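Worksheet: the structure to be examined is printed underneath.
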Amino acid sequence: MKHFQYLSKEKRSEIFLYEPIHFSKETEREMLAYALGATLYMPGSRTAIAGDVLSGKFLNGKHEGLTSMVICLEDSIGDTEVETAEANTVSQIGTISDSVLKGQFDQRNLPLIFIRIRSREQMKRVARKLKHHIQLISGFVFPKFTSENGRGYYTALQEIASDSSVTLYGMPILETKEIIYKETRMNELLGIKAILDDFYEYVLNVRLGGTDLSGLFGIRRSRDTTIYDISVIRDCITDIINVFGRCEKEYVISGPVWEYFGGGQRILKPQIRQTPFQQAYGHEGLEFRANLIDRYDDGLIHEIVLDNTNGLVGKTIIHPLHIKIVNALNAVTREEYLDASSILDQAQSYNGVIRSEFSNKMNEIKPHYNWARKIILKSKLYGVFHEQQSFIDLISETANEQLYI
């Protein structure tokens with residue numbers, strides 16, 4: 001599996017100075033943590049999971065570009081559907097696994113698969129039912145993760161991985177009142193971090209439950225705003241980054257879900273400029289921009305830019321239309337790559353200030369070192385653009401075809 005592999009070899013050569021590398025669940029953890037990109041959630045009650053894979057829809061059509069997904073047994077299904085959804089999930093994964101073993105589907109093209117469970121007891125039960133098919137999944141997602149239940153989740157995960165002799169990761173979702181309420185937040189975050197530190201090799205991402213956190217205050221961001229415009233959520237995200245984003249023992253933090261995938265009445269101005277689209281594709285580029293705006297994808301783009309600015313990597317999504325946008329905005333520009341490479345190259349022999357090759361900024365070796373390290377990691381996974389290329393070229397695919405996602 002690699003990002004943008006749906007593009008032709010010629011198109012990848014046209015867009016990328018350096019193409020993305022392949023990765024799998026067996027890839028080194030530090031690298032894999034940055035690789036998830038757009039992580040699509042789908043209900044465990046959905047009966048077409050295996051069918052979609054076997055018919056290739058994860059790589060073509062509406063699932064084009066998908067590299068990570070979560071089968072949800074928690075909030076996306078009703079309480080009365082749990083047993084049915086659990087059985088369906090096990091059956092669907094078994095079908096996929098059998099198809100891989102029979103050579104009907106190449107596992108290298110399979111997205112990383114995680115299961116979002118309701119409790120550690122359910123995780124153990126699902127693992128038992130999966131039997132040898134558990135090798136197909138990359139791990140489990142732990143909703144409403146707290147300092148009270150967290151150690152139990154990871155202890156159970158460690159036991160399952162050991163008993164099954166497979167690599168499994170756990171991804172906690174921070175979304176409870178103990179985290180958002182000011183008076184309990186810091187103690188709770190530090191308590192959670194102590195647990196994650198003890199199970200560091202099993203932690204792939206720390207995920208943010210923006211919808212649940214907003215819901216505790218009866219708040220929901222509109223199509224015109226981002227999660228960072230909700231002050232109480234922005235304040236909480238700041239503290240989460242402060243605790244988990246430190247470079248001494250860093251965790252990759254993913255961006256919260258964008259909830260919208262259709263249009264509606266617009267109040268504020270569009271949040272993406274005309275110029276990049278017009279320069280790339282002329283009139284067709286402006287039409288493509290208009291389509292993005294009609295779907296309110298400009299709000300999503302704005303939020304991803306803010307995610308990246310704050311050091312968050314990847315994003316939870318609920319609609320396949322968002323896959324290309326999230327992944328494209330994680331690709332690295334040539335300028336970023338050359339700055340990062342220069343900083344890392346100089347770090348062993350010099351620790352002062354050097355001028356950017358583009359003569360538009362200063363690069364300080366010590367302060368910018370960790371930024372540069374992350375950029376190089378992302379450059380390997382999402383690629384490096386040629387100088388005149390940008391995310392627009394990835395989400396539109398080609399200037400000679402109809403511009404749509």
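Naming scheme: A, B, ... for chains in displayed order of the structure tokens; residues 1 onward per chain; ligands 1 onward as shown.
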**Request:** Name the residues in contact with range 381-383 of chain A at a cut-off of 9 Å, using only C-alpha atoms, excluding same-chain residues fewer than 5 positions from it; report them as a ChimeraX atom specification.
**Result:** /A:2-4,16-23,31-32,34-35,37,327-328,330-333,376
**Request:** Give the helix (DSSP H, G or I) residues of range 127-345 of chain A, as assigned by DSSP on the backbone, as a PyMOL selection string.
**Result:** chain A and resi 127-136+150-164+177-180+182-198+200-202+210-215+227-229+231-244+247-249+275-294+297-309+320-328+334-345
**Message:** At a cut-off of 8 Å, using only C-alpha atoms, what residues contact range 38-49 of chain A? Leave out same-chain residues fewer than 4 positions from it and give the result as a PyMOL selection string.
**Reply:** chain A and resi 53+66-73+76-77+81+84-86+88-89+92+314-320+322-324+326-327
**DSSP-assigned strand (DSSP E or B) members of range 276-358 of chain A, reported as a VMD selection string** = chain A and resid 315 to 317 332 353 to 355
**Request:** For Gln348 in chain A, work out the shell of residues within 12 Å, counting only C-alpha atoms and skipping chain neighbours fewer than 5 positions away, then give it as a list in words.
**Result:**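 The residues that qualify are Ser342, Ile343, Ile365, Lys366 and Tyr369 of chain A.
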**12 Å contact set for Asp239 in chain A, only C-alpha atoms, chain neighbours under 3 positions out, as a PyMOL selection string** = chain A and resi 174+179-182+185-190+208+232-236+242-246+310
With range 123-142 of chain A as the partner and 6 Å as the cut-off, tabulate the residues of range 61-101 of chain A that qualify, each row holding the nearest pair of atoms and their distance in Å to one decimal, using only C-alpha atoms, sorted by chain and rising number, as a Markdown table.
```
| residue | atom | partner | partner_atom | distance |
| --- | --- | --- | --- | --- |
| A:Val90 | CA | A:Leu130 | CA | 5.8 |
| A:Gly94 | CA | A:His133 | CA | 5.8 |
| A:Ser97 | CA | A:His133 | CA | 5.9 |
```
So that I have them on file, write out the residues from the current selection with all heavy atoms, as a short mmCIF file (atom, residue, chain, number, x, y, z; two decimals), in the first residue's frame.
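Just written: out38.cif:
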```cif
data_model
loop_
_atom_site.label_atom_id
_atom_site.label_comp_id
_atom_site.auth_asym_id
_atom_site.auth_seq_id
_atom_site.Cartn_x
_atom_site.Cartn_y
_atom_site.Cartn_z
N VAL A 90 -16.69 -9.70 11.92
CA VAL A 90 -15.86 -10.91 11.91
C VAL A 90 -16.00 -11.64 10.59
O VAL A 90 -15.00 -12.08 9.99
CB VAL A 90 -16.24 -11.83 13.09
CG1 VAL A 90 -15.55 -13.18 12.97
CG2 VAL A 90 -15.89 -11.16 14.42
N GLY A 94 -13.07 -12.11 7.76
CA GLY A 94 -12.75 -13.48 7.38
C GLY A 94 -12.79 -13.67 5.87
O GLY A 94 -11.94 -14.35 5.28
N SER A 97 -9.75 -12.02 4.39
CA SER A 97 -8.57 -12.83 4.71
C SER A 97 -8.48 -14.06 3.82
O SER A 97 -7.41 -14.40 3.28
CB SER A 97 -8.59 -13.24 6.18
OG SER A 97 -7.48 -14.02 6.52
#
```
**Message:** When you count only C-alpha atoms, which of these residues is closest to Ile392 in chain A: A:Lys378, A:Arg295, A:Arg373, A:Arg289?
**Reply:**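 Once distances to Ile392 in chain A are computed over only C-alpha atoms, the minimum belongs to A:Arg289.
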**Request:** Find the residues near range 305-309 of chain A: any atom within 9 Å, counting only C-alpha atoms, skip ones fewer than 4 places away on the same chain, and give them as a PyMOL selection string.
**Result:** chain A and resi 226+228+254-256+300-301+313-315+329-330
**Request:** Go through A:Thr211, A:Ser396, A:Tyr169, A:Met1 one by one, measure the shortest atom-to-atom distance of each to Phe288 in chain A using only C-alpha atoms, and give the residue with the smallest value.
**Result:**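 Answer, going by the shortest atom-to-atom distance: A:Ser396.
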**Message:** When you count only C-alpha atoms, which of these residues is closest to Lys269 in chain A: A:Leu101, A:Ile293, A:Ile230, A:Val384?
**Reply:**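 Closest residue, counting only C-alpha atoms: A:Ile293.
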**Gap from CA of Ser390 in chain A to CA of Leu312 in chain A - Å, one decimal** =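 That distance, rounded to one decimal, is 19.8 Å.
Closest to Ile241 in chain A among A:Arg108, A:Arg266, A:Lys193, A:Lys374 is A:Lys193, based on only C-alpha atoms.
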**Request:** May I ask for the distance between CA of Gly218 in chain A and CA of Asp75 in chain A, given in Å to one decimal place?
**Result:**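 Distance reported for this atom pair: 17.3 Å.
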**Asked** Got a sec: who's within 9 Å of Asn363 in chain A, counting only C-alpha atoms, leaving out chain neighbours fewer than 3 positions off, as number ranges by chain?
**Response** A: 339-340, 342-343, 352-356, 367-368
